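Novice: Handing you this structure, nothing more for now.
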Amino acid sequence: MQRLALHYPPLDPAAEPPTEHILQQSNPTMSNIISQAGQMAKEALTSAPDSKKIEDLKNEFKETGKDARLTTDYGVKQTSADDWLRIVSDDKIGPSLLEDPFARERIMRFDHERIPERVVHARGSGAFGKFRVYESASDLTFAPVLTDTSRETPVFVRFSTVLGSRGSADTVRDVRGFATKFYTEEGNWDLVGNNIPVFFIQDAIKFPDVIHAGKPEPHNEVPQAQTAHNNFWDFQFNHTEATHMFTWAMSDRAIPRSYRMMQGFGVNTFTLINAEGKRHFVKFIWTPELGVHSLVWDEALKLAGQDPDFHRKDLWEAIENGAYPKWKFGIQAIAEEDEHKFDFDILDATKIWPEDLVPVRYIGEMELNRNPDEFFPQTEQIAFCTSHVVPGIGFSDDPLLQGRNFSYFDTQLSRLGVNFQELPINRPVCPVMNFNRDGAMRHTISRGTVNYYPNRFDACPPATHKEGGYLEYAEKVAGIKARARSSKFKEHFSQAQLFWNSMSKVEKNHIINALGFELDHCEDPVVYGRMVQRLADIDIGLAQTVAEMVGGEAPTTTSHPNHGKKTINLSQTEFPPETPTIKSRRVAILIADGYDNVAYDAAYAAISANLAIPLVIGPRRSKVTAANGSTVQPHHHFEGFRSTMVDAIFIPGGAKAVEQLSKNGRALHWIREAFGHLKAIGATGEAVDLVAKAIALPEVTVSNEAEVNESYGVVTLKQVRPESFKDTVKIAKGAAGFLGAFFYSIAQHRNWDRELDGLHSMVAY
């Protein structure tokens with residue numbers, strides 16, 4: 001099976017504009033909305049060979065088609081899939097017969113389709129891809145996956161929410177899982193992390209408590225996939241080591257715009273051992289090419305109902321359209337002899353290693369470029385274990401990691417059974433040979449007369465280190481046996497303060513509002529009253545502001561004054577894309593009969609050429625007629641699709657179209673909601689007046705001539721001329737052309753000045 005190559009060829013600027021023949025889709029689906037330019041490019045891609053893992057999986061592929069015939073699982077062809085074998089006559093129907101093996105097999109298989117869902121990270125989505133290092137880390141490790149710059153390693157990545165069930169919504173406020181399985185030539189390496197670098201607990205023995213507290217309350221199974229309830233916040237107050245983590249969870253990190261726009265963190269402290277036997281403590285970090293971006297809270301709430309699969313669709317759509325997501329892979333490293341040189345314990349999973357103290361060294365890149373062929377046997381049955389590492393990578397004494405190494409391995413037994421590593425998605429691409437035998441669902445057929453070692457044939461002896469055998473680091477350990485932690489583990493507030501201090505003003509406002517929302521949903525005054533006091537351990541001003549919002553008693557003093565220190569790369573504002581881009585962004589084009597086809601065609605083609613996704617939205621899904629008589633069939637209508645599902649909106653002019661849109665309450669709501677959610681808005685010709693009417697704020701200015709006007713991310717051009725839409729669009733701040741200025745506003749993700757100046761709250765949406 002050939003897959004698409006990785007880069008688009010140059011696009012033909014003379015490509016025919018996307019009028020009627022392009023959008024003649026019958027009931028188009030989101031995953032198939034591929035722009036004309038994108039489709040042309042996709043078809044022109046050169047073929048690339050499948051990865052070693054995909055080649056391995058081909059043995060399991062089955063293609064359905066009209067030439068295939070329905071059979072039982074034991075291979076016998078069936079003559080009917082509609083009727084159980086029964087006693088019947090022309091005028092009467094009699095009893096169904098248990099002797100029917102076909103019907104019983106179908107029902108039996110249906111009854112047992114479900115396996116136990118994950119206790120945490122049940123809701124997930126995933127994709128295949130590849131990983132390579134562009135800088136060898138041989139000074140830190142001898143693991144070829146991190147040292148061999150000529151090697152390309154197949155990967156499968158699963159993203160997830162933590163608390164919700166499999167049927168919960170994607171956009172809830174929650175930590176996101178970011179788990180990567182590297183199919184290396186030395187065995188599988190599972191890097192099982194999150195999009196937040198710390199966790200709620202230091203010791204794995206507290207796993208049941210923190211998850212029970214966050215899950216729906218036991219008496220009524222409410223709420224689903226939310227931390228906004230009494231039990232969660234009761235635990236946060238009583239378990240002070242969670243303070244740093246819940247501050248992150250109340251930040252924008254917990255409502256990402258896309259899986260493709262999240263950082264990923266290994267969370268725990270691992271070790272790397274080099275060829276000379278020297279050990280370093282390390283943390284692993286993924287940083288997305290597209291920058292780190294989030295939804296706004298009102299948008300996340302609405303999407304949970306309007307499109308609960310928003311993140312799943314987003315990942316699938318980007319890969320399907322050839323806009324493959326990429327992440328840089330980084331390492332933080334501390335030499336073994338420097339372990340105790342910090343004022344925090346580097347093995348404490350509730351602490352970060354501040355990047356101004358321990359810089360990130362980026363050495364590799366991951367790209368996801370293939371969607372699963374079937375969700376259940378791949379995304380659902382994939383099993384990650386933190387204990388799965390390859391030679392050159394090891395474990396530290398991080399107490400959370402030590403417990404995870406047991407827990408992740410143990411949980412697969414109840415979900416998938418003892419032979420879970422024989423499932424196609426989990427099995428390595430390197431040879432596997434041992435004397436493990438039998439158990440439910442065993443696939444491997446081991447030939448030979450012995451199943452033990454040592455044996456008289458010297459069959460399957462252990463490997464030496466030179467042969468690639470895993471060698472544990474000879475660490476010297478001294479201490480007493482006790483249920484205790486070292487002294488540095490007892491400090492719980494300084495890094496919560498560091499995180500708060502390092503946030504931008506906008507991000508601080510979002511944390512305040514998130515806490516206000518969460519504690520407002522706690523009915524017990526003891527819970528929200530205590531939590532207000534706990535917030536004083538982070539910042540007294542934060543505590544006082546939230547206290548007023550939720551009705552708690554405002555603290556006046558704290559035993560843990562804020563130290564005032566900041567660090568780098570905690571704020572999402574420090575992670576824009578390396579170059580401004582609208583790649584994979586969704587841009588809605590709002591039209592009605594009589595729209596300006598010149599502006600429409602130019603915008604559609606330019607959006608497509610920049611690898612973004614134009615979505616045409618009209619008053620109906622049937623054809624809409626342009627001012628010149630051409631027609632398009634919109635992808636959606638105003639009531640069936642909402643502004644929450646796109647990154648920006650564009651409205652071409654056309655007097656007749658604008659007259660209709662100005663009388664359409666939902667169309668006006670589209671504009672106002674996009675403005676309230678801080679999204680880029682573009683308008684040309686008569687549509688400029690429509691935008692001004694919808695927003696109705698004197699602070700937001702619009703164009704009244706042939707000059708482009710940008711005001712709070714609203715980009716307008718009143719007088720449209722043939723040269724107004726250039727063939728080549730330069731995405732840059734202060735761009736003279738309309739499309740360049742509009743695309744630059746999209747590339748900024750959101751216009752935060754709109755929020756800082758309070759304009760977003762002046763428009764009803």
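The chains in the structure tokens are called A, B, ... from first to last as shown; in each chain the residues are counted from 1, and the ligands are counted from 1 in the order shown.
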Tell me which protein, DNA and RNA residues are within 7 Å of region 550-556 of chain A, counting only C-alpha atoms, leaving out same-chain ones fewer than 4 positions away, and put them as a PyMOL selection string.
Specialist: chain A and resi 516+519-520+528-529+532-533+536+543-544+546
Novice: Could the residues in this selection be saved with C-alpha atoms as an mmCIF file, in the first residue's frame?
Specialist:
```cif
data_model
loop_
_atom_site.group_PDB
_atom_site.id
_atom_site.type_symbol
_atom_site.label_atom_id
_atom_site.label_comp_id
_atom_site.auth_asym_id
_atom_site.auth_seq_id
_atom_site.Cartn_x
_atom_site.Cartn_y
_atom_site.Cartn_z
ATOM 1 C CA GLY A 516 -14.484 30.793 39.327
ATOM 2 C CA LEU A 519 -15.743 26.418 42.445
ATOM 3 C CA ASP A 520 -19.122 27.848 41.456
ATOM 4 C CA TYR A 528 -15.012 26.400 48.042
ATOM 5 C CA GLY A 529 -14.248 28.231 51.264
ATOM 6 C CA VAL A 532 -10.019 30.098 48.414
ATOM 7 C CA GLN A 533 -7.624 29.847 51.362
ATOM 8 C CA ALA A 536 -3.576 32.307 48.903
ATOM 9 C CA ALA A 543 -7.286 34.209 46.157
ATOM 10 C CA GLN A 544 -9.088 37.473 46.864
ATOM 11 C CA VAL A 546 -11.702 34.227 43.197
#
```
Novice: What is the distance, in Å and to one decimal place, between CA of Val296 (chain A) and CA of Leu542 (chain A)?
Specialist: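 These atoms are spaced 19.9 Å apart.
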Novice: Find the residues near Val358 (chain A): any atom within 10 Å, counting only C-alpha atoms, skip ones fewer than 4 places away on the same chain, and give them as a list of chain:residue names.
Specialist: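 Everything that qualifies: A:Ile331, A:Gln332, A:Ala333, A:Ile334, A:Ile352, A:Trp353, A:Pro354.
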Novice: Once you have the residues from the selection above, write them out as a PDB file, in the first residue's frame, restricted to N, CA, C and O atoms.
Specialist:
```
ATOM      1  N   ILE A 331      15.140  17.072  24.917  1.00  0.00           N
ATOM      2  CA  ILE A 331      15.613  16.404  26.127  1.00  0.00           C
ATOM      3  C   ILE A 331      16.148  17.450  27.098  1.00  0.00           C
ATOM      4  O   ILE A 331      16.888  18.352  26.701  1.00  0.00           O
ATOM      5  N   GLN A 332      15.752  17.349  28.346  1.00  0.00           N
ATOM      6  CA  GLN A 332      16.439  18.052  29.433  1.00  0.00           C
ATOM      7  C   GLN A 332      17.306  17.028  30.144  1.00  0.00           C
ATOM      8  O   GLN A 332      16.827  15.930  30.463  1.00  0.00           O
ATOM      9  N   ALA A 333      18.555  17.346  30.407  1.00  0.00           N
ATOM     10  CA  ALA A 333      19.472  16.378  31.006  1.00  0.00           C
ATOM     11  C   ALA A 333      20.212  16.985  32.193  1.00  0.00           C
ATOM     12  O   ALA A 333      20.649  18.138  32.144  1.00  0.00           O
ATOM     13  N   ILE A 334      20.331  16.194  33.253  1.00  0.00           N
ATOM     14  CA  ILE A 334      21.094  16.572  34.441  1.00  0.00           C
ATOM     15  C   ILE A 334      22.058  15.429  34.747  1.00  0.00           C
ATOM     16  O   ILE A 334      21.641  14.272  34.893  1.00  0.00           O
ATOM     17  N   ILE A 352       8.522  20.885  37.820  1.00  0.00           N
ATOM     18  CA  ILE A 352       9.205  20.988  36.532  1.00  0.00           C
ATOM     19  C   ILE A 352      10.694  21.209  36.771  1.00  0.00           C
ATOM     20  O   ILE A 352      11.122  21.508  37.889  1.00  0.00           O
ATOM     21  N   TRP A 353      11.465  21.053  35.716  1.00  0.00           N
ATOM     22  CA  TRP A 353      12.847  21.511  35.718  1.00  0.00           C
ATOM     23  C   TRP A 353      12.840  22.833  34.948  1.00  0.00           C
ATOM     24  O   TRP A 353      12.766  22.823  33.707  1.00  0.00           O
ATOM     25  N   PRO A 354      12.847  23.967  35.622  1.00  0.00           N
ATOM     26  CA  PRO A 354      12.749  25.249  34.906  1.00  0.00           C
ATOM     27  C   PRO A 354      13.787  25.346  33.788  1.00  0.00           C
ATOM     28  O   PRO A 354      14.963  25.013  33.976  1.00  0.00           O
TER      29      PRO A 354
END
```
Novice: One decimal, in Å: what's the spacing between CA of Tyr600 (chain A) and CA of Arg672 (chain A)?
Specialist: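 Taking CA of Tyr600 (chain A) and CA of Arg672 (chain A), their separation equals 21.1 Å.
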Novice: If you run DSSP on the backbone, which residues of region 64-215 of chain A are strand (DSSP E or B), as a PyMOL selection string?
Specialist: chain A and resi 71+77+86-88+93-96+124-133+153-161+176-184+187-194
Novice: Any idea what's packed within 12 Å of Lys718 (chain A), counting only C-alpha atoms, ignoring anything in its chain fewer than 6 positions away? Could you give it as a list in words?
Specialist: Ala599, Ile651, Pro652, Gly653, Gly654, Gly682, Ala683, Thr684, Gly685, Glu686, Ala687, Val688, Asp689, Leu690, Val691, Ala692, Thr701, Val702, Ser703, Asn704, Glu705, Ala706, Glu707, Val708, Asn709, Glu710, Ser724 and Phe738 of chain A
Novice: My list of candidates is A:Ala127, A:Val429, A:Met261, A:Met250. Which is closest to Ile319 (chain A) when distances are computed with only C-alpha atoms?
Specialist: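 For Ile319 (chain A), the nearest of the given residues is A:Ala127.
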Novice: Considering only C-alpha atoms, return as a ChimeraX atom specification whatever protein or nucleic-acid residues lie within 7 Å of Leu611 (chain A), sequence-local ones (same chain, fewer than 4 positions apart) excluded.
Specialist: /A:38,323,583-584,607
Novice: Report as a tab-separated table (two decimals) with N, CA, C and O atoms, in the first residue's frame all protein, DNA and RNA residues lying within 10 Å of Arg530 (chain A), evaluated on only C-alpha atoms, omitting residues in the same chain fewer than 3 positions from it.
Specialist:
```tsv
chain	number	residue	atom	x	y	z
A	233	TRP	N	-12.30	19.07	44.30
A	233	TRP	CA	-11.67	20.22	44.97
A	233	TRP	C	-11.45	19.97	46.46
A	233	TRP	O	-10.55	20.55	47.07
A	234	ASP	N	-12.24	19.08	47.03
A	234	ASP	CA	-11.97	18.66	48.41
A	234	ASP	C	-10.61	17.97	48.48
A	234	ASP	O	-9.80	18.22	49.39
A	236	GLN	N	-8.11	18.36	46.32
A	236	GLN	CA	-7.05	19.32	46.02
A	236	GLN	C	-6.64	20.10	47.27
A	236	GLN	O	-5.45	20.38	47.49
A	237	PHE	N	-7.60	20.47	48.09
A	237	PHE	CA	-7.27	21.20	49.32
A	237	PHE	C	-6.52	20.31	50.30
A	237	PHE	O	-5.51	20.71	50.89
A	238	ASN	N	-7.01	19.11	50.48
A	238	ASN	CA	-6.43	18.24	51.50
A	238	ASN	C	-5.11	17.60	51.07
A	238	ASN	O	-4.39	17.07	51.92
A	525	PRO	N	-20.12	24.77	50.90
A	525	PRO	CA	-19.31	25.96	51.23
A	525	PRO	C	-17.98	25.62	51.89
A	525	PRO	O	-17.05	26.42	51.82
A	526	VAL	N	-17.90	24.47	52.54
A	526	VAL	CA	-16.62	24.06	53.12
A	526	VAL	C	-15.59	23.88	52.01
A	526	VAL	O	-14.42	24.28	52.15
A	527	VAL	N	-16.01	23.31	50.88
A	527	VAL	CA	-15.09	23.03	49.78
A	527	VAL	C	-14.58	24.32	49.16
A	527	VAL	O	-13.38	24.56	49.08
A	533	GLN	N	-8.78	29.71	50.47
A	533	GLN	CA	-7.62	29.85	51.36
A	533	GLN	C	-6.39	29.18	50.75
A	533	GLN	O	-5.28	29.70	50.88
A	534	ARG	N	-6.57	28.07	50.08
A	534	ARG	CA	-5.44	27.40	49.44
A	534	ARG	C	-4.85	28.27	48.34
A	534	ARG	O	-3.63	28.32	48.16
A	535	LEU	N	-5.70	28.97	47.60
A	535	LEU	CA	-5.20	29.83	46.52
A	535	LEU	C	-4.29	30.93	47.05
A	535	LEU	O	-3.41	31.41	46.32
A	552	GLY	N	-16.60	32.94	48.73
A	552	GLY	CA	-15.80	32.50	49.86
A	552	GLY	C	-15.26	33.70	50.64
A	552	GLY	O	-15.29	34.84	50.17
A	553	GLU	N	-14.77	33.43	51.82
A	553	GLU	CA	-14.19	34.49	52.64
A	553	GLU	C	-12.80	34.83	52.11
A	553	GLU	O	-11.92	33.98	52.01
```
Novice: What's around Glu673 (chain A) at 10 Å? Count only C-alpha atoms, leave out sequence neighbours fewer than 4 positions away in its own chain, and write the answer as a ChimeraX atom specification.
Specialist: /A:298-299,642-644,667-669,677-679,694-695,760,763-765
Novice: I need the residue nearest Phe435 (chain A) from this list: A:Leu423, A:Ala335, A:Ile115, A:Ala459. Use only C-alpha atoms for the distance.
Specialist: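 Smallest distance to Phe435 (chain A) is found for A:Ala459.
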Novice: Interatomic distance between CA of Val292 (chain A) and CA of Arg173 (chain A)?
Specialist: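 CA of Arg173 (chain A) lies at a distance of 16.1 Å from CA of Val292 (chain A).
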Novice: Using only C-alpha atoms, I'd like a table of the residues in region 87-129 of chain A that come within 8 Å of region 371-381 of chain A; for each, show the closest atom pair and its distance in Å rounded to one decimal, ordered by chain and ascending number, as JSON lines.
Specialist:
```
{"residue": "A:Gly124", "atom": "CA", "partner": "A:Thr379", "partner_atom": "CA", "distance": 7.6}
{"residue": "A:Ser125", "atom": "CA", "partner": "A:Thr379", "partner_atom": "CA", "distance": 6.4}
{"residue": "A:Gly126", "atom": "CA", "partner": "A:Thr379", "partner_atom": "CA", "distance": 5.7}
{"residue": "A:Ala127", "atom": "CA", "partner": "A:Asn371", "partner_atom": "CA", "distance": 4.9}
{"residue": "A:Phe128", "atom": "CA", "partner": "A:Asn371", "partner_atom": "CA", "distance": 6.2}
```
Novice: Hey, can you spit out that residue selection with N, CA, C and O atoms as a PDB file, in the first residue's frame?
Specialist:
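What follows is the written file selection.pdb:
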```pdb
ATOM      1  N   GLY A 124      -9.990   8.554  23.431  1.00  0.00           N
ATOM      2  CA  GLY A 124      -8.744   8.835  22.740  1.00  0.00           C
ATOM      3  C   GLY A 124      -8.850   8.770  21.236  1.00  0.00           C
ATOM      4  O   GLY A 124      -9.859   8.356  20.657  1.00  0.00           O
ATOM      5  N   SER A 125      -7.784   9.202  20.589  1.00  0.00           N
ATOM      6  CA  SER A 125      -7.655   9.172  19.143  1.00  0.00           C
ATOM      7  C   SER A 125      -6.183   9.030  18.808  1.00  0.00           C
ATOM      8  O   SER A 125      -5.327   9.442  19.595  1.00  0.00           O
ATOM      9  N   GLY A 126      -5.863   8.459  17.647  1.00  0.00           N
ATOM     10  CA  GLY A 126      -4.454   8.205  17.377  1.00  0.00           C
ATOM     11  C   GLY A 126      -4.112   8.214  15.907  1.00  0.00           C
ATOM     12  O   GLY A 126      -4.981   8.322  15.030  1.00  0.00           O
ATOM     13  N   ALA A 127      -2.823   8.086  15.618  1.00  0.00           N
ATOM     14  CA  ALA A 127      -2.334   8.081  14.240  1.00  0.00           C
ATOM     15  C   ALA A 127      -0.949   7.459  14.183  1.00  0.00           C
ATOM     16  O   ALA A 127      -0.209   7.443  15.168  1.00  0.00           O
ATOM     17  N   PHE A 128      -0.603   6.978  13.000  1.00  0.00           N
ATOM     18  CA  PHE A 128       0.735   6.449  12.725  1.00  0.00           C
ATOM     19  C   PHE A 128       1.642   7.575  12.229  1.00  0.00           C
ATOM     20  O   PHE A 128       1.176   8.583  11.701  1.00  0.00           O
TER      21      PHE A 128
END
```
Novice: Using only C-alpha atoms, what does the table of region 190-281 of chain A residues within 10 Å of region 567-575 of chain A look like, with each row giving the shortest atom pair and its distance in Å to one decimal, sorted by chain and ascending number, as a tab-separated table?
Specialist:
```
residue	atom	partner	partner_atom	distance
A:Pro197	CA	A:Leu570	CA	10.0
A:Trp248	CA	A:Leu570	CA	9.6
A:Ser251	CA	A:Ser571	CA	9.6
A:Asp252	CA	A:Gln572	CA	8.2
A:Arg253	CA	A:Gln572	CA	8.0
A:Met261	CA	A:Phe575	CA	9.7
A:Met262	CA	A:Gln572	CA	9.7
A:Gln263	CA	A:Phe575	CA	9.4
```
Novice: Using DSSP on the backbone coordinates, identify the residues of region 159-248 of chain A assigned to helix (DSSP H, G or I); present them as a ChimeraX atom specification.
Specialist: /A:204-214,230-238,240-248
